[in-house]
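Chemist: Got a structure here, written out as structure tokens. Questions coming.
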Amino acid sequence: MDAQILLERLIAEHKPGFALQREFQTSAEIYQLDLERIWRRGWLFAGHTCQVKQPGDYFVLDIADDSLVVIRGDDDRIHALHNTCRHRGMRVCQAEAGHVGRIVCPYHQWSYARSGELVACGGMDKDGDLDPTRFGLHCAHVREVAGLIFVCLAVDPPPFDEAERALAPRLRPQGFERAKVAAVRNYEVRANWKLVWENNRECWHCHANHPQYVQANWDAAPIDDARLRQEIEAHARAISARLEAHGLAIDYAEAGMVRFPSPDCWWSINRTPLVPGWVTESMDGRPVAPIMGDYPTRDVGTLRVRTMPNFWNHSSSDHSVSTRLVPAGPQRTLAQVQWLVHADAVEGKDYELDTLLPFWGLTSEQDWDLCARNQAGVNSPAFTPGPYSTRREYNVIRYTEWYLHEVART
Amino acid sequence: MDAQILLERLIAEHKPGFALQREFQTSAEIYQLDLERIWRRGWLFAGHTCQVKQPGDYFVLDIADDSLVVIRGDDDRIHALHNTCRHRGMRVCQAEAGHVGRIVCPYHQWSYARSGELVACGGMDKDGDLDPTRFGLHCAHVREVAGLIFVCLAVDPPPFDEAERALAPRLRPQGFERAKVAAVRNYEVRANWKLVWENNRECWHCHANHPQYVQANWDAAPIDDARLRQEIEAHARAISARLEAHGLAIDYAEAGMVRFPSPDCWWSINRTPLVPGWVTESMDGRPVAPIMGDYPTRDVGTLRVRTMPNFWNHSSSDHSVSTRLVPAGPQRTLAQVQWLVHADAVEGKDYELDTLLPFWGLTSEQDWDLCARNQAGVNSPAFTPGPYSTRREYNVIRYTEWYLHEVART
Amino acid sequence: MDAQILLERLIAEHKPGFALQREFQTSAEIYQLDLERIWRRGWLFAGHTCQVKQPGDYFVLDIADDSLVVIRGDDDRIHALHNTCRHRGMRVCQAEAGHVGRIVCPYHQWSYARSGELVACGGMDKDGDLDPTRFGLHCAHVREVAGLIFVCLAVDPPPFDEAERALAPRLRPQGFERAKVAAVRNYEVRANWKLVWENNRECWHCHANHPQYVQANWDAAPIDDARLRQEIEAHARAISARLEAHGLAIDYAEAGMVRFPSPDCWWSINRTPLVPGWVTESMDGRPVAPIMGDYPTRDVGTLRVRTMPNFWNHSSSDHSVSTRLVPAGPQRTLAQVQWLVHADAVEGKDYELDTLLPFWGLTSEQDWDLCARNQAGVNSPAFTPGPYSTRREYNVIRYTEWYLHEVART
């Protein structure tokens, strides 16, 4: 079936406040529209500037069939170069990450500067009409904000400045630029990328599925318990008071999670209190690494960032955890989770992976498993989308609205 | 190509008495029509009532993308519930089989009674318009007959009563309701489900491929050997005479196999003599378990049942073997073989898997291998359907007619 | 999209002298056209006559979904029989190679003579209208030339005589008919078959990727180095002078590789000098087996043959290496490499696999790896076909022209 006709029918039949229909999570045609209209149009989180500290440092980011080399150039800026030689299309970078002087294609040694310009193609016709300035590696757009790298595959990227203004001052105290990646875990989630977001956008499932997460966080607190709400707010105010001199604040506003996303806002950042007794998102709430960034004290709650369509991060005073999604098929999503600590922290001395990783490692794996079982159930021809709870799943409703708005843009 | 146009062309070009054309066994479009018009329309064998003895006992049956929870309710009846939560589509039952008080979705704890009614969905809006009676698990139709469970995915199932009247009295002596499953083997057959049936519907291939099966059975006896035919008939009459007082009879009518199926009959049952010296379908013909059901003697021949499109069973006096098919792609079929014995029989004392399983285990595996090689050959663009033998493959001809009749029904 | 419309658009948009567009290497529709118009139309290398020395010797050649039994008949000629029973389509030969008296289908024992005629089908209706002469195994065309076997799946094969006239006299001294296969290696190349040919049709990539190959061969010699060219030509003339009496000649004409293919010529053969010090394509240039065929001396350079779309061979005086391709999907090609030596040579005494295999084993595996990475890069939506070097990639340009000419023929 023609993808656009299918999409229009599905949108017309979608019932607001209800789950997306089966085809959104199964159809190859819808998946292609998702790639074209969302993944190849918006800003995607790529990684951290600390992964490419020196000119020539690079890492590779694959987004479905696209492959980008995210590299620091001699101009000290970060470039995103398409990983396909301008000669015959060989992947120019094979490793997941590394360091290069020039990018030399292994096939016929076409050589590119670190910012993508073609600088040598020895065997080509000397009197030919090959104009090297026309054969640099294709580029994607890149923006940095306080140590986070975003890329955009579109010719004309959506505006970034407003996001940067909102994110930069709140990200800065975390010290991403003076951090290092302590561990990386790559996961294959057997679910459509949208089911991963639906899982992420509510914590109603947390009590039954994330025993360690709910010890540290209030996300799953009963929304209608007025006394608990007052307790949380009082706790948030107390921490904020202590942090005031440092320009930090807990901006806790309501039980559950901050309202996000919406069709006109693809980013969000806020700071939330941890449960008393927890100073970091670790298995027992005790520190797992030296303090990062500019924090004056360990008890700063958790900084949380999300950007559509592929990023969320939870940062404690001593470590930060970034989750990056890329789609890999109608029922397959690749998730990369990275744990960051202060650049000077030494493994085995200042931190141990055994205590750093489990909190978000377990939480992530629990979610991937839920998503896979959700996909299996949605695959049933008998599946009929059910109603979302406006109290518990307001963000899933928002997410669904955001998605339908984005995918409908031709 | 449009599936219906393809089907009509294939049907128009099919030569009666000849094999089905290649596309019937390879095309994704025809496979979808098979699912819609046969698998989601007719009665499918699901399992045995003894698998769900107590209220809350269940097993899961996956049929392509559909997944059913076959469960005994508090009303002591068996229900077939679609395994997809009415909230967001999570698979509600993850295990292959088990026992539950309520069916609680692991995602957000929507809870369903054993017969599918929504009984709790705690986090939903209290003043909302969620009417629990509208959000029970979707149901499929269920019928039981003498210990066998059949389900139907269609809104309006085809009639079942006539099948029940025919099957029940002949099934009853086997004692399926007082049986237990002694062993299960799950197989992936690398062939279209129709090639599995074409294999099943003749025993011409038996002499060369099933050395143990042909020792016990006369299915592959030469059809034109009048003396052998008389010998078989005399043997059948002699056994019948001994069984008469118990209302049992060998209804052997002709060499080869009972004629089945036809467009107006999707079930069949009959009792056949075993070769003298064999009292059960075991490797040496000797008993492998205590007598089942109401049999007065071990020497009762073999009870044989088949129902289109997914079931056959051979039952001896001491054990019973059920084979259940489900399609899993144009060139992939899942086959489950179950061995049943008397519920009171104790493994290691009354029976051993080493003697119980090989007869049908080997026969099944030999057939799956033939089917896979048949599929590989049919995949060839050079394949041209050949003629069936009217003496040896009359049931494959009938099967082909049944199939073309069913798949043509829009 | 309709395959023909897609093809016409791609051909119209293709820029001569530039790489093929992405869809040629990724689209399932184009792949089907490739099968129909090239693989099921032209002459394909199947194997060597020495693989089927005696009547009844056979090997199986799978070409996408087609499967051929290449067998020597009682008439001593080689036949190519479709490996699908004329009854119900079972694969009649299961093994990769073997020896049979008759070809007996394992399913119902339809039996075929070694040249394909149906000679028995016991269970069929005796008074029926089954005319055995109409039910022999379907045949493909076969031609032999000096020990090489070619097959054609088309009803009307393209002419072969001219190719035979050109190839036979030059192949004969190699003694393929008195050879034996010493080793076989089967590879799965994760690339479209056309990328494998693009890799094969230039040696610009050799210096950086084939360290052992370039020690023995001048393929990658700089084209514009007049002194080197004179040196090679002088060396070629010197060897030729020594061989003259035996009717052998080095027909070296220019640095780089002989010009091939073209739309009107699908075969090519020539003899090239090896670098001084090398008398065979081995790791150190020293002999690895007894002299083959009619060679008067070891120093005969290398005989090279290629036929479109699936064969190339490099033969030294002591061994010969054949590479056969078959397509197995838009991004998957199966490559079989065979090493031949004199039929009387004894492994462990006259030759060792340790010295015979590495030269072409390593070179092949290096190429398969390049092809896979080329495919990965071409898969990128950002890939834009680049210009070929007319000095270094003239044969890739020719190959592209040949391909576009062939695939356009309706």
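Residues are referred to by chain and number: the chain letter is A, B, ... according to the order shown in the structure tokens, the number counts from 1 in that chain, and ligands are numbered separately from 1 in the order shown.
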At most 12 Å is the cut-off: for each residue in chain C with any atom that close to an atom of chain A, write down the nearest atom pair and the distance in Å rounded to one decimal, counting only C-alpha atoms, chain first then increasing number, as CSV.
Modeler:
residue,atom,partner,partner_atom,distance
C:Met1,CA,A:Asp2,CA,10.1
C:Gly17,CA,A:His87,CA,11.4
C:Phe18,CA,A:Arg88,CA,8.6
C:Ala19,CA,A:Arg88,CA,6.2
C:Leu20,CA,A:Arg88,CA,8.7
C:Gln21,CA,A:Arg88,CA,9.8
C:Arg22,CA,A:Gly89,CA,9.0
C:Gln25,CA,A:Gly89,CA,11.1
C:Thr26,CA,A:Asp65,CA,11.1
C:Ala191,CA,A:Met90,CA,11.7
C:Leu195,CA,A:Arg88,CA,9.7
C:Glu198,CA,A:Arg88,CA,9.5
C:Asn199,CA,A:Tyr107,CA,9.3
C:Glu202,CA,A:His108,CA,10.4
C:Cys203,CA,A:His108,CA,9.5
C:Trp204,CA,A:His108,CA,6.4
C:His205,CA,A:His108,CA,5.2
C:Cys206,CA,A:His108,CA,8.6
C:His207,CA,A:His108,CA,9.0
C:Ala208,CA,A:Pro106,CA,7.3
C:Asn209,CA,A:Tyr107,CA,7.6
C:His210,CA,A:Tyr107,CA,10.9
C:Ala220,CA,A:Gly123,CA,10.8
C:Ala221,CA,A:Gly123,CA,11.4
C:Pro222,CA,A:Gly123,CA,9.0
C:Ile223,CA,A:Gly123,CA,9.6
C:Asp224,CA,A:Gly123,CA,10.5
C:Gln366,CA,A:Tyr107,CA,10.9
C:Asp367,CA,A:Tyr107,CA,10.0
C:Asp369,CA,A:Tyr107,CA,10.6
C:Leu370,CA,A:Tyr107,CA,7.1
C:Cys371,CA,A:Met90,CA,8.4
C:Ala372,CA,A:Met90,CA,8.9
C:Arg373,CA,A:Arg91,CA,5.7
C:Asn374,CA,A:Met90,CA,4.0
C:Gln375,CA,A:Met90,CA,7.2
C:Ala376,CA,A:Arg91,CA,6.5
C:Gly377,CA,A:Arg91,CA,4.5
C:Val378,CA,A:Gly89,CA,4.9
C:Asn379,CA,A:Asp65,CA,5.9
C:Ser380,CA,A:Asp66,CA,4.7
C:Pro381,CA,A:Asp66,CA,6.2
C:Ala382,CA,A:His82,CA,6.8
C:Phe383,CA,A:Gly89,CA,6.1
C:Thr384,CA,A:Arg86,CA,6.7
C:Pro385,CA,A:Arg88,CA,6.2
C:Gly386,CA,A:His87,CA,4.2
C:Pro387,CA,A:His87,CA,6.1
C:Tyr388,CA,A:His87,CA,7.2
C:Ser389,CA,A:Met124,CA,4.8
C:Thr390,CA,A:Asp125,CA,6.5
C:Arg391,CA,A:Asp125,CA,6.6
C:Arg392,CA,A:Gly123,CA,6.6
C:Glu393,CA,A:Met124,CA,9.1
C:Tyr394,CA,A:Asp125,CA,11.1
C:Val396,CA,A:Arg88,CA,10.9
Chemist: Neighbours of stretch 75-81 of chain A within 9 Å (only C-alpha atoms; same-chain residues fewer than 3 positions away dropped), as a ChimeraX atom specification?
Modeler: /A:49,52-55,67-72,84,114-116,137-144,149,151-152
Chemist: With only C-alpha atoms as the atoms that count, which of B:His319, B:Arg271, B:Arg102, B:His48 lies nearest to B:Ala289?
Modeler: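 The shortest atom-to-atom distance to B:Ala289 comes from B:His319.
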Chemist: Kindly provide the residues of stretch 287-355 of chain B that approach stretch 167-180 of chain B to within 6 Å, each paired with its closest atom pair and their distance in Å to one decimal, based on only C-alpha atoms, listed by chain and increasing number, as JSON lines.
Modeler:
{"residue": "B:Gly293", "atom": "CA", "partner": "B:Gly175", "partner_atom": "CA", "distance": 3.6}
{"residue": "B:Asp294", "atom": "CA", "partner": "B:Pro173", "partner_atom": "CA", "distance": 4.9}
{"residue": "B:Leu340", "atom": "CA", "partner": "B:Lys180", "partner_atom": "CA", "distance": 5.4}
{"residue": "B:Val341", "atom": "CA", "partner": "B:Ala179", "partner_atom": "CA", "distance": 5.5}
{"residue": "B:His342", "atom": "CA", "partner": "B:Ala179", "partner_atom": "CA", "distance": 4.4}
{"residue": "B:Ala343", "atom": "CA", "partner": "B:Ala179", "partner_atom": "CA", "distance": 4.2}
Chemist: Pick out the residues sitting within 7 Å of C:Thr280, and hand them over as a list in words; count only C-alpha atoms, and ignore anything fewer than 3 positions along from it in its own chain.
Modeler: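 Close residues of C:Thr280: Gly285, Arg286, Pro287, Ser316 and Ser317 of chain C.
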Chemist: Put those residues in a file: N, CA, C and O atoms, as a JSON list (two decimals), in the first residue's frame.
Modeler:
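Output below, filename selection-v4.json:
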[["chain", "number", "residue", "atom", "x", "y", "z"],
["C", 285, "GLY", "N", 56.60, -17.38, -4.77],
["C", 285, "GLY", "CA", 56.90, -17.48, -6.19],
["C", 285, "GLY", "C", 57.49, -18.82, -6.60],
["C", 285, "GLY", "O", 57.67, -19.07, -7.80],
["C", 286, "ARG", "N", 57.80, -19.67, -5.63],
["C", 286, "ARG", "CA", 58.37, -20.97, -5.98],
["C", 286, "ARG", "C", 57.26, -21.97, -6.25],
["C", 286, "ARG", "O", 56.14, -21.83, -5.74],
["C", 287, "PRO", "N", 57.56, -23.02, -7.02],
["C", 287, "PRO", "CA", 56.54, -24.00, -7.39],
["C", 287, "PRO", "C", 55.86, -24.61, -6.16],
["C", 287, "PRO", "O", 56.50, -24.76, -5.11],
["C", 316, "SER", "N", 48.72, -20.99, -13.20],
["C", 316, "SER", "CA", 50.17, -21.02, -13.30],
["C", 316, "SER", "C", 50.57, -22.35, -13.95],
["C", 316, "SER", "O", 49.71, -23.16, -14.28],
["C", 317, "SER", "N", 51.86, -22.56, -14.10],
["C", 317, "SER", "CA", 52.29, -23.80, -14.75],
["C", 317, "SER", "C", 52.00, -25.01, -13.87],
["C", 317, "SER", "O", 51.88, -26.13, -14.36]]
Chemist: Which is closest to A:Ile397 among A:Pro16, A:Arg41, A:Ala241, A:Glu36, if we use only C-alpha atoms?
Modeler: A:Pro16
Chemist: Would you please extract all helix (DSSP H, G or I) residues from stretch 71-305 of chain A, as assigned by DSSP on the backbone, and give them as a PyMOL selection string?
Modeler: chain A and resi 132-134+161-174+176-178+193-200+206-209+211-216+226-246
Chemist: Can you tell me, as an MDAnalysis selection string, what residues are no more than 12 Å from B:Pro309 when counting only C-alpha atoms, ignoring any on the same chain fewer than 3 positions away?
Modeler: chainID B and resid 34:35 37:46 63 150:152 193:194 196:198 200 260:263 265:268 306 312 323:327 399 402:403 406:407
Chemist: Residues of stretch 182-301 of chain B classed as strand (DSSP E or B) by DSSP on the backbone are to be reported as a ChimeraX atom specification.
Modeler: /B:182-189,262,265,267-272
Chemist: I'd like the interatomic distance between atom CA of A:Pro296 and atom CA of A:Leu228, to a tenth of an Å.
Modeler: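 Here the two named atoms are 28.2 Å from each other.
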